[in-house]
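Structure file protein.txt (compact mmCIF, C-alpha atoms and all ligand atoms) is printed below.
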```
# COMPACT_ATOMS: atom_id res chain seq x y z
CA MET A 948 75.72 103.11 78.11
CA VAL A 949 77.84 105.16 80.51
CA ALA A 950 80.77 103.53 82.30
CA SER A 951 83.22 105.00 84.76
CA TYR A 952 86.18 103.77 82.71
CA SER A 953 86.60 103.95 78.96
CA TRP A 954 88.56 101.24 77.11
CA HIS A 955 88.78 103.15 73.84
CA PRO A 956 87.34 106.37 72.38
CA GLY A 957 86.09 104.88 69.10
CA ALA A 958 87.07 106.19 65.66
CA VAL A 959 85.49 107.62 62.51
CA PRO A 960 86.11 106.19 59.01
CA LEU A 961 88.61 108.00 56.77
CA ASN A 962 88.36 107.43 53.00
CA PRO A 963 86.35 104.20 53.27
CA ILE A 964 85.88 101.83 50.33
CA TRP A 965 82.63 100.39 51.74
CA PRO A 966 79.92 102.95 50.87
CA LEU A 967 78.03 102.91 54.20
CA SER A 968 80.98 102.52 56.55
CA LYS A 969 80.21 102.95 60.25
CA PRO A 970 82.31 104.61 62.95
CA LEU A 971 83.64 102.45 65.76
CA LEU A 972 81.68 103.67 68.81
CA THR A 973 83.20 104.36 72.22
CA ASP A 974 84.03 101.09 74.06
CA GLU A 975 82.42 99.02 71.30
CA LEU A 976 83.50 95.39 70.84
CA LEU A 977 85.08 94.58 67.50
CA THR A 978 82.34 92.06 66.65
CA SER A 979 79.59 94.55 67.49
CA TRP A 980 81.08 96.98 64.98
CA ILE A 981 81.41 94.22 62.32
CA ILE A 982 77.76 93.24 62.88
CA ARG A 983 76.53 96.86 62.59
CA MET A 984 78.66 97.32 59.48
CA ALA A 985 77.12 94.24 57.85
CA LEU A 986 73.54 95.21 58.75
CA ALA A 987 74.12 98.73 57.39
CA HIS A 988 75.13 97.22 54.04
CA GLY A 989 72.07 94.93 53.97
CA CYS A 990 73.95 91.68 54.46
CA SER A 991 74.49 89.21 57.27
CA PRO A 992 77.65 89.42 59.43
CA ALA A 993 78.75 86.02 58.06
CA ALA A 994 78.45 87.30 54.47
CA LEU A 995 80.56 90.35 55.28
CA THR A 996 83.36 88.35 56.91
CA VAL A 997 83.42 85.90 53.99
CA ILE A 998 83.96 88.86 51.64
CA ALA A 999 86.67 90.37 53.87
CA TRP A 1000 88.38 87.08 54.81
CA PRO A 1001 87.66 84.46 52.11
CA GLY A 1002 87.98 80.85 53.26
CA ILE A 1003 87.94 81.74 56.99
CA ARG A 1004 85.17 80.58 59.34
CA ALA A 1005 85.39 83.78 61.32
CA TRP A 1006 82.52 83.12 63.74
CA ALA A 1007 83.48 79.55 64.68
CA SER A 1008 85.67 80.92 67.48
CA ASP A 1009 85.57 83.85 69.88
CA LEU A 1010 86.48 86.53 67.35
CA ASP A 1011 86.85 89.30 69.95
CA ARG A 1012 89.51 87.23 71.73
CA SER A 1013 91.70 86.32 68.81
CA VAL A 1014 91.96 88.02 65.47
CA SER A 1015 95.22 88.67 63.65
CA VAL A 1016 96.47 92.14 62.79
CA SER A 1017 96.56 91.19 59.10
CA ARG A 1018 92.81 90.47 59.17
CA LEU A 1019 92.14 93.71 61.01
CA ALA A 1020 94.19 95.49 58.34
CA VAL A 1021 91.77 94.20 55.67
CA LEU A 1022 88.79 95.52 57.63
CA SER A 1023 90.60 98.81 58.21
CA LYS A 1024 91.32 99.28 54.50
CA GLN A 1025 87.71 98.60 53.51
CA SER A 1026 86.06 100.59 56.30
CA GLY A 1027 88.51 103.48 56.72
CA VAL A 1028 88.60 102.93 60.51
CA PRO A 1029 92.27 102.90 61.65
CA CYS A 1030 93.73 99.46 62.38
CA ALA A 1031 94.98 100.58 65.81
CA SER A 1032 91.43 101.56 66.78
CA LEU A 1033 90.12 98.14 65.72
CA GLN A 1034 92.88 96.49 67.76
CA SER A 1035 91.82 98.47 70.83
CA ALA A 1036 88.31 96.98 70.46
CA THR A 1037 89.62 93.42 70.95
CA LEU A 1038 89.75 91.53 74.24
CA GLU A 1039 93.40 90.62 73.76
CA HIS A 1040 94.12 94.32 74.15
CA VAL A 1041 91.92 94.55 77.26
CA MET A 1042 93.69 91.63 78.97
CA THR A 1043 96.91 93.66 79.27
CA SER A 1044 95.12 95.70 81.96
CA ILE A 1045 93.65 92.66 83.72
CA VAL A 1046 96.50 90.16 84.09
CA ARG A 1047 100.25 90.61 84.52
CA GLN A 1048 101.32 88.13 81.81
CA PRO A 1049 98.67 88.26 79.07
CA HIS A 1050 100.97 86.45 76.60
CA ARG A 1051 100.72 83.33 78.81
CA LEU A 1052 96.93 83.13 78.54
CA LEU A 1053 95.90 79.83 77.02
CA GLY A 1054 92.83 77.63 76.94
CA ALA A 1055 89.12 78.17 76.81
CA SER A 1056 88.79 80.47 79.76
CA TRP A 1057 90.62 83.70 80.52
CA PRO A 1058 90.25 85.22 84.00
CA TRP A 1059 87.42 87.72 84.24
CA LEU A 1060 86.26 87.30 80.62
CA THR A 1061 82.88 85.71 80.04
CA VAL A 1062 83.08 82.49 78.02
CA LEU A 1063 80.91 82.12 74.92
CA GLY A 1064 81.47 78.37 74.56
CA CYS A 1065 81.84 78.42 70.76
CA ARG A 1066 81.14 75.08 69.07
CA GLY A 1067 80.99 75.49 65.33
CA GLY A 1068 78.62 78.35 64.72
CA HIS A 1069 76.75 77.99 68.02
CA HIS A 1070 77.51 79.33 71.46
CA SER A 1071 76.50 77.82 74.80
CA GLY A 1072 76.81 81.24 76.46
CA GLY A 1073 75.26 84.42 75.10
CA LEU A 1074 76.82 87.86 74.68
CA GLN A 1075 75.56 89.71 77.74
CA CYS A 1076 73.96 93.14 77.57
CA CYS A 1077 71.60 95.48 79.38
CA PRO A 1078 68.10 94.87 77.96
CA ASP A 1079 67.31 98.59 78.14
CA CYS A 1080 70.61 99.98 76.79
CA ILE A 1081 70.75 97.62 73.80
CA VAL A 1082 67.39 98.69 72.32
CA GLN A 1083 68.29 102.38 72.25
CA SER A 1084 69.38 104.09 69.06
CA ASN A 1085 73.13 104.09 68.48
CA SER A 1086 73.50 101.05 70.74
CA ARG A 1087 76.46 98.70 70.70
CA PHE A 1088 77.74 95.64 72.51
CA SER A 1089 80.45 97.05 74.73
CA ILE A 1090 83.72 95.67 76.01
CA GLN A 1091 82.38 96.09 79.56
CA TRP A 1092 79.72 93.45 78.87
CA ARG A 1093 82.38 90.81 78.22
CA LEU A 1094 83.95 91.44 81.63
CA ALA A 1095 82.72 88.92 84.19
CA TRP A 1096 82.56 91.47 87.02
CA HIS A 1097 79.79 93.21 85.06
CA THR A 1098 76.46 91.70 86.08
CA CYS A 1099 74.17 94.73 86.06
CA CYS A 1100 73.55 98.09 84.42
CA PRO A 1101 74.33 101.08 86.65
CA ILE A 1102 72.04 103.31 84.56
CA HIS A 1103 68.90 101.17 84.53
CA GLY A 1104 69.50 99.26 87.78
CA VAL A 1105 68.73 95.89 86.19
CA GLN A 1106 70.63 92.63 85.85
CA LEU A 1107 72.29 92.04 82.48
CA ILE A 1108 70.83 89.35 80.23
CA GLU A 1109 72.58 86.81 78.03
CA ARG A 1110 69.48 85.05 76.69
CA CYS A 1111 66.35 86.14 74.89
CA GLY A 1112 63.49 86.55 77.36
CA HIS A 1113 61.08 84.88 74.89
CA CYS A 1114 62.80 81.89 73.28
CA LEU A 1115 65.75 81.64 75.75
CA ALA A 1116 68.28 81.49 72.90
CA ALA A 1117 71.81 82.51 73.94
CA LEU A 1118 72.32 85.97 72.43
CA GLN A 1119 74.38 85.64 69.26
CA PRO A 1120 73.95 88.91 67.36
CA GLU A 1121 76.30 87.67 64.62
CA LEU A 1122 73.41 85.40 63.55
CA LEU A 1123 71.14 88.41 62.88
CA ARG A 1124 69.85 88.49 59.35
CA ALA A 1125 69.93 91.45 56.96
CA GLY A 1126 67.38 94.02 58.13
CA GLY A 1127 67.81 93.10 61.80
CA SER A 1128 69.16 95.29 64.59
CA LEU A 1129 71.21 94.74 67.74
CA GLY A 1130 68.11 95.19 69.92
CA ILE A 1131 66.28 92.07 68.74
CA CYS A 1132 66.76 88.32 69.20
CA HIS A 1133 68.45 86.66 66.22
CA ARG A 1134 66.23 83.59 66.58
CA CYS A 1135 62.67 84.80 67.32
CA GLY A 1136 62.95 88.51 66.51
CA ALA A 1137 61.56 89.63 69.92
CA ALA A 1138 62.84 92.93 71.34
CA LEU A 1139 65.49 92.20 73.96
CA ASN A 1140 63.84 94.54 76.49
CA ASP A 1141 60.62 92.55 76.23
CA GLY A 1142 61.26 89.86 78.85
CA THR A 1143 61.06 89.72 82.65
CA ARG A 1144 63.93 91.50 84.34
CA CYS A 1145 65.65 91.33 87.71
CA ASP A 1146 66.81 94.23 89.82
CA ALA A 1147 70.56 94.66 90.18
CA ALA A 1148 71.98 93.21 93.44
CA VAL A 1149 73.29 96.09 95.56
CA ALA A 1150 76.55 94.40 96.61
CA ALA A 1151 77.29 93.06 93.11
CA LEU A 1152 76.77 96.56 91.70
CA ALA A 1153 79.09 97.98 94.38
CA PHE A 1154 81.77 95.42 93.38
CA GLN A 1155 81.32 96.31 89.70
CA ARG A 1156 81.57 100.04 90.35
CA TYR A 1157 84.64 99.67 92.55
CA VAL A 1158 86.49 97.56 89.96
CA ASP A 1159 85.56 99.90 87.10
CA GLU A 1160 86.78 102.92 89.06
CA SER A 1161 90.03 101.10 89.96
CA ILE A 1162 91.21 100.08 86.46
CA GLY A 1163 94.88 101.02 86.14
CA ARG A 1164 94.95 102.34 89.72
CA TRP A 1165 95.77 100.97 93.18
CA PRO A 1166 92.56 99.66 94.77
CA LEU A 1167 92.51 98.86 98.49
CA TYR A 1168 92.54 95.40 100.01
CA GLY A 1169 92.08 96.06 103.69
CA SER A 1170 93.88 99.34 104.23
CA SER A 1171 96.71 98.78 101.75
CA PRO A 1172 96.71 99.57 98.05
CA LEU A 1173 97.42 96.75 95.58
CA ASP A 1174 98.31 96.82 91.91
CA PHE A 1175 94.99 96.60 90.06
CA ARG A 1176 95.90 93.27 88.44
CA ASP A 1177 96.94 91.81 91.81
CA TRP A 1178 93.70 93.03 93.38
CA LEU A 1179 91.78 91.23 90.63
CA THR A 1180 93.82 88.06 91.22
CA VAL A 1181 92.97 88.16 94.94
CA ALA A 1182 89.30 88.79 94.14
CA ARG A 1183 89.25 85.92 91.60
CA THR A 1184 90.75 83.59 94.23
CA MET A 1185 88.04 84.68 96.65
CA VAL A 1186 85.40 83.94 93.98
CA SER A 1187 86.66 80.34 93.78
CA PHE A 1188 86.82 80.19 97.58
CA ALA A 1189 83.20 81.39 97.87
CA GLN A 1190 82.05 79.07 95.09
CA ALA A 1191 83.63 76.00 96.75
CA ALA A 1192 82.44 76.95 100.23
CA VAL A 1193 78.88 77.49 99.05
CA ARG A 1194 78.95 74.17 97.19
CA ARG A 1195 80.18 72.23 100.25
CA HIS A 1196 77.63 73.87 102.52
CA SER A 1197 79.61 72.98 105.66
CA ALA A 1198 78.59 74.36 109.04
CA ALA A 1199 82.07 75.88 109.52
CA ALA A 1200 81.86 77.73 106.20
CA GLU A 1201 78.39 79.01 107.10
CA ARG A 1202 79.65 80.33 110.44
CA PHE A 1203 82.61 81.92 108.61
CA PHE A 1204 80.30 83.79 106.22
CA GLU A 1205 77.95 84.74 109.04
CA SER A 1206 80.79 86.22 111.07
CA LEU A 1207 81.66 88.49 108.12
CA GLY A 1208 78.05 89.62 107.93
CA ILE A 1209 77.06 87.61 104.85
CA PRO A 1210 73.44 86.43 105.22
CA LEU A 1211 73.03 82.66 104.95
CA GLU A 1212 70.11 82.99 102.55
CA SER A 1213 72.48 84.56 100.00
CA LEU A 1214 74.57 81.36 99.87
CA GLN A 1215 72.73 79.71 97.02
CA PRO A 1216 74.63 76.83 95.44
CA ILE A 1217 75.63 77.38 91.82
CA PRO A 1218 74.55 74.46 89.64
CA LEU A 1219 77.07 72.30 87.78
CA GLY A 1220 80.11 73.80 89.49
CA LEU A 1221 81.27 75.51 86.30
CA PRO A 1222 84.10 78.05 86.50
CA PHE A 1223 82.98 81.59 87.29
CA GLU A 1224 83.49 82.92 83.74
CA TYR A 1225 80.99 80.36 82.37
CA LEU A 1226 78.18 81.38 84.72
CA SER A 1227 75.12 83.51 83.95
CA PRO A 1228 74.93 87.15 85.13
CA ALA A 1229 72.53 86.06 87.92
CA GLU A 1230 74.91 83.36 89.20
CA ARG A 1231 77.94 85.64 89.03
CA SER A 1232 75.96 88.32 90.83
CA VAL A 1233 75.42 85.96 93.82
CA LEU A 1234 79.14 85.17 94.06
CA LEU A 1235 80.29 88.77 93.58
CA SER A 1236 77.93 89.95 96.33
CA ILE A 1237 79.72 87.55 98.71
CA VAL A 1238 83.18 88.48 97.43
CA TRP A 1239 82.46 92.18 97.80
CA VAL A 1240 81.97 91.64 101.56
CA ILE A 1241 85.12 89.48 101.78
CA MET A 1242 87.27 92.01 99.88
CA SER A 1243 85.88 94.91 101.92
CA ALA A 1244 86.67 93.08 105.18
CA GLY A 1245 90.38 92.83 104.24
CA PRO A 1246 93.00 90.14 104.85
CA GLN A 1247 93.28 90.41 108.65
CA ARG A 1248 89.56 89.92 109.17
CA PHE A 1249 89.56 87.04 106.67
CA ILE A 1250 92.33 85.25 108.57
CA GLU A 1251 90.70 85.79 111.96
CA ALA A 1252 87.36 84.42 110.77
CA ALA A 1253 88.95 81.50 108.86
CA ARG A 1254 91.16 80.54 111.81
CA HIS A 1255 88.22 80.73 114.19
CA GLU A 1256 86.37 78.16 112.08
CA SER A 1257 89.56 76.15 111.38
CA LEU A 1258 89.17 76.52 107.61
CA PRO A 1259 92.21 74.83 106.04
CA ALA A 1260 94.66 76.62 103.73
CA SER A 1261 93.53 74.27 100.97
CA THR A 1262 90.28 76.26 100.74
CA LEU A 1263 92.26 78.95 98.91
CA HIS A 1264 93.12 77.79 95.39
CA LEU A 1265 96.03 79.87 94.21
CA PRO A 1266 96.54 80.53 90.49
CA THR A 1267 99.21 78.31 88.91
CA SER A 1268 101.51 81.31 88.46
CA GLY A 1269 101.63 84.97 89.34
CA SER A 1270 100.16 84.83 92.86
CA PRO A 1271 100.66 88.21 94.52
CA PRO A 1272 102.52 88.06 97.88
CA VAL A 1273 99.39 88.86 99.85
CA LEU A 1274 97.76 85.63 98.66
CA LEU A 1275 100.76 83.49 99.62
CA ASP A 1276 100.68 85.28 102.92
CA LEU A 1277 97.02 84.37 103.46
CA VAL A 1278 97.79 80.69 102.77
CA ALA A 1279 100.74 80.76 105.15
CA ALA A 1280 98.64 82.44 107.83
CA LEU A 1281 95.94 79.78 107.53
CA GLN A 1282 98.55 77.05 107.84
CA SER A 1283 100.12 78.41 111.00
CA PRO A 1284 98.09 79.98 113.80
CA ARG A 1285 101.21 81.88 114.92
CA HIS A 1286 101.84 83.40 111.50
CA HIS A 1287 101.37 87.14 111.20
CA LEU A 1288 100.75 88.98 107.97
CA VAL A 1289 104.11 89.92 106.50
CA SER A 1290 103.29 91.28 103.08
CA GLY A 1291 102.53 94.77 104.30
CA VAL A 1292 98.76 94.61 103.91
CA ASP A 1293 96.85 96.37 106.64
CA ARG A 1294 99.86 98.37 107.68
CA GLU A 1295 99.59 102.09 107.95
CA HIS A 1296 102.54 102.62 105.57
CA PRO A 1297 103.58 100.42 102.64
CA SER A 1298 106.92 98.61 103.05
CA SER A 1299 110.03 99.78 101.19
CA PRO A 1300 110.97 97.81 98.05
CA ALA A 1301 114.00 96.26 99.87
CA GLN A 1302 111.79 95.20 102.80
CA THR A 1303 109.21 93.76 100.44
CA LEU A 1304 111.87 91.76 98.58
CA ARG A 1305 113.27 90.34 101.83
CA MET A 1306 109.77 89.38 103.02
CA TRP A 1307 108.94 87.87 99.64
CA LEU A 1308 112.08 85.70 99.58
CA ARG A 1309 111.45 84.60 103.18
CA LEU A 1310 107.86 83.70 102.33
CA LYS A 1311 108.89 81.80 99.20
CA ARG A 1312 111.34 79.71 101.26
CA LYS A 1313 108.68 79.02 103.85
CA VAL A 1314 106.04 78.09 101.30
CA ARG A 1315 108.50 75.83 99.45
CA ARG A 1316 109.40 74.03 102.72
CA ARG A 1317 105.72 73.34 103.30
CA GLY A 1318 105.28 71.85 99.87
CA ILE A 1319 103.06 74.44 98.19
CA ARG A 1320 103.86 75.26 94.59
ZN ZN B 1 71.18 99.83 80.78
ZN ZN B 2 64.28 84.91 71.01
```
Translate the structure described by the file into structure tokens.
Amino acid sequence: MVASYSWHPGAVPLNPIWPLSKPLLTDELLTSWIIRMALAHGCSPAALTVIAWPGIRAWASDLDRSVSVSRLAVLSKQSGVPCASLQSATLEHVMTSIVRQPHRLLGASWPWLTVLGCRGGHHSGGLQCCPDCIVQSNSRFSIQWRLAWHTCCPIHGVQLIERCGHCLAALQPELLRAGGSLGICHRCGAALNDGTRCDAAVAALAFQRYVDESIGRWPLYGSSPLDFRDWLTVARTMVSFAQAAVRRHSAAAERFFESLGIPLESLQPIPLGLPFEYLSPAERSVLLSIVWVIMSAGPQRFIEAARHESLPASTLHLPTSGSPPVLLDLVAALQSPRHHLVSGVDREHPSSPAQTLRMWLRLKRKVRRRGIR
């Protein structure tokens, strides 16, 4: 698959001990490489990890999210693929580009990473992929497919899948048996491109493309550039806002969306009210289509429309820590009709660092007075 941003270039084995060692492919997930390595040697992925890490139930947790360097060193020694390259194929590494304080990430769900829901050896959520990319030769499960803003394939124009189209099993390629390949279902053996498929949603694909092109850069919110990680934090807050508003189905929220040009028929409630990262590609695609319009409209337009419909500040759920100033500013603006944006968004020129610091301290005092933490 072709992506506009590459997370790692891959690596070839040097002096491997395993006879049929495989290169790490560009942007490949660590587990995808382990699975291909096992299948190449005629064994199951579980058998290979038992040999490499005796006494460890490697697949009982989300292996791409947490694996120690010492365990990677064992794989590196056997395979000949450098340890640093294997580290770059983990999601822990990826999170340094997505959040400001990756060392503070705890719990089952990390922002913008799809959740597999590991219970013992079984997952409630499948590993998502493009049904057409994954059946091609030299295929791999890529890092991009674990990122929750990815809901479709830009090459084939289809929605990603996370379940087999035949038996509906959540995709768990680590359960493939010897002789299998990444392009088939571990449970029923059907080819993964053999089910019904949905076209990619235009707005969700636009969101995905914009985020991919903005990694490590300064994407725009309104007319002002934001740090990429702050932009993602704002977008994630808007995802929760959209999710809650769609669930409540209030007339005011409907008028708000309508005034931004979001068609009412696109506001389909998401069942169960699960956090965004737990949702299927189709459900995330609905929310991201809405959020793409909200993010494109910018903060000033958001405030005007929200004030017009008297949406309370409580509709914006800020993250527990690390809210960028523009988000605090949005909350403050919704609380006070006289409040004007102070964080510099939508200005022609960015503020100086001293100005920004003064505004930030003023805003913090104001927010503290009003009892928001
Ligand atoms: Zn594809
Ligand atoms: Zn199946």
Could you list, with a cut-off of 9 Å and counting only C-alpha atoms, the residues of range 1033-1100 of chain A near range 1160-1177 of chain A, each shown with its nearest atom pair and the distance in Å rounded to one decimal, rows sorted by chain and ascending number, as a tab-separated table?
```
residue	atom	partner	partner_atom	distance
A:Ser1044	CA	A:Gly1163	CA	6.8
A:Ile1045	CA	A:Arg1176	CA	5.3
A:Val1046	CA	A:Arg1176	CA	5.4
A:Arg1047	CA	A:Arg1176	CA	6.4
```
All residues having an atom within 8 Å of ligand ZN 2 (chain B) (all atoms listed in the file) as a compact mmCIF listing (two decimals) with C-alpha atoms, keeping the file's coordinate frame:
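selection.txt, freshly written:
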```txt
# COMPACT_ATOMS: atom_id res chain seq x y z
CA ARG A 1110 69.48 85.05 76.69
CA CYS A 1111 66.35 86.14 74.89
CA GLY A 1112 63.49 86.55 77.36
CA HIS A 1113 61.08 84.88 74.89
CA CYS A 1114 62.80 81.89 73.28
CA LEU A 1115 65.75 81.64 75.75
CA ALA A 1116 68.28 81.49 72.90
CA ILE A 1131 66.28 92.07 68.74
CA CYS A 1132 66.76 88.32 69.20
CA HIS A 1133 68.45 86.66 66.22
CA ARG A 1134 66.23 83.59 66.58
CA CYS A 1135 62.67 84.80 67.32
CA GLY A 1136 62.95 88.51 66.51
CA ALA A 1137 61.56 89.63 69.92
CA LEU A 1139 65.49 92.20 73.96
```
- Task: Please provide the set of residues having any atom within 12 Å of Val997 in chain A, restricted to all atoms listed in the file, with same-chain residues fewer than 3 positions apart removed, written as a PyMOL selection string.
- Result: chain A and resi 981+985+990-994+1000-1006+1018+1021-1022
Chain A near ligand ZN 1 (chain B) within 8 Å: what's each residue's closest atom pair and its distance in Å to one decimal, counting only C-alpha atoms and all ligand atoms, ordered by chain then ascending residue number, as CSV?
```
residue,atom,partner,partner_atom,distance
A:Met948,CA,B:ZN1,ZN,6.2
A:Cys1076,CA,B:ZN1,ZN,7.9
A:Cys1077,CA,B:ZN1,ZN,4.6
A:Pro1078,CA,B:ZN1,ZN,6.5
A:Asp1079,CA,B:ZN1,ZN,4.8
A:Cys1080,CA,B:ZN1,ZN,4.0
A:Ile1081,CA,B:ZN1,ZN,7.3
A:Cys1099,CA,B:ZN1,ZN,7.9
A:Cys1100,CA,B:ZN1,ZN,4.7
A:Pro1101,CA,B:ZN1,ZN,6.8
A:Ile1102,CA,B:ZN1,ZN,5.2
A:His1103,CA,B:ZN1,ZN,4.6
A:Gly1104,CA,B:ZN1,ZN,7.2
A:Val1105,CA,B:ZN1,ZN,7.1
```
- Name the closest residue to Met984 in chain A among the candidates A:Ser1084, A:Gln1282, A:Ser1128, A:Gln1119; distances are taken between atoms, counting all atoms listed in the file. A:Ser1128
- Message: So, with all atoms listed in the file as the atoms that count, which of A:Ala1138, A:Ala1036, A:Val1273, A:Leu986 lies closest to Gln1083 in chain A?
- Response: A:Ala1138
- Query: Closest to Arg1093 in chain A among A:Pro1210, A:Gly1127, A:Pro1058, A:Pro1259, using only C-alpha atoms?
  - Reply: A:Pro1058
- Query: Any idea what's packed within 8 Å of Leu1258 in chain A, counting only C-alpha atoms, ignoring anything in its chain fewer than 3 positions away? Could you give it as a PyMOL selection string?
  - Reply: chain A and resi 1199-1200+1253-1255+1262+1281
- As a check of understanding: the span from CA of Leu1221 in chain A to CA of Glu1039 in chain A is 23.1 Å
- For each of A:Gln1034, A:Ser1071, A:Ser1283, A:Ser1197, take the minimum atom-to-atom distance to Glu975 in chain A, counting all atoms listed in the file, then give the residue where this is smallest.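 Closest to Glu975 in chain A of all the choices is A:Gln1034.
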- Query: Looking at A:Gln1247, A:Ser1089, A:Ser1017, A:Ser1008, which one is nearest to Val1062 in chain A, with distances taken over all atoms listed in the file?
  - Reply: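 Of A:Gln1247, A:Ser1089, A:Ser1017, A:Ser1008, the one nearest Val1062 in chain A, counting all atoms listed in the file, is A:Ser1008.
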- 7 Å contact set for Ser979 in chain A, all atoms listed in the file, chain neighbours under 3 positions out, as number ranges by chain: A: 975-976, 982-983, 1087-1088
- Give the answer as one residue: which of A:Leu1063, A:Val1016, A:Ala1147, A:Ile1090 has the shortest atom-to-atom distance to Leu977 in chain A, using only C-alpha atoms?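 Selected residue with least distance to Leu977 in chain A: A:Ile1090.
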- Point-to-point distance from CA of Phe1188 in chain A to CA of Ser1213 in chain A, Å rounded to tenths: 15.2 Å
- Could you give me, as a list in words, the residues that have an atom at most 7 Å away from the point (87.3, 102.7, 77.0) in the coordinates of the file, using all atoms listed in the file?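 The answer, in the requested form, is Tyr952, Ser953, Trp954, His955, Pro956, Thr973 and Asp974 of chain A.
Interatomic distance, CA of Leu1010 in chain A against CA of Val1181 in chain A: 28.4 Å.
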- Task: Find the residues around His1097 in chain A up to 9 Å (only C-alpha atoms counted), leave out those fewer than 6 positions away in its own chain, and share them as a VMD selection string.
- Result: chain A and resid 1091 1107 1151 to 1152 1154 to 1156 1228 1231 to 1232
- Query: Hey, what's within 9 Å of Phe1204 in chain A if we count only C-alpha atoms and toss same-chain stuff fewer than 4 positions away? As a list in words, please?
  - Reply: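 So the residues in contact are Ala1199, Ala1200, Gly1208, Ile1209, Pro1210, Leu1211, Leu1214, Ile1237, Ile1241 and Ala1252 of chain A.
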Around range 1106-1111 of chain A, with edges along x, y and z and 3 Å added on all six sides, what centre and edge lengths do you get, in Å to one decimal, as AutoDock Vina command-line options?
```
--center_x 69.5 --center_y 88.8 --center_z 80.4 --size_x 12.2 --size_y 13.6 --size_z 17.0
```
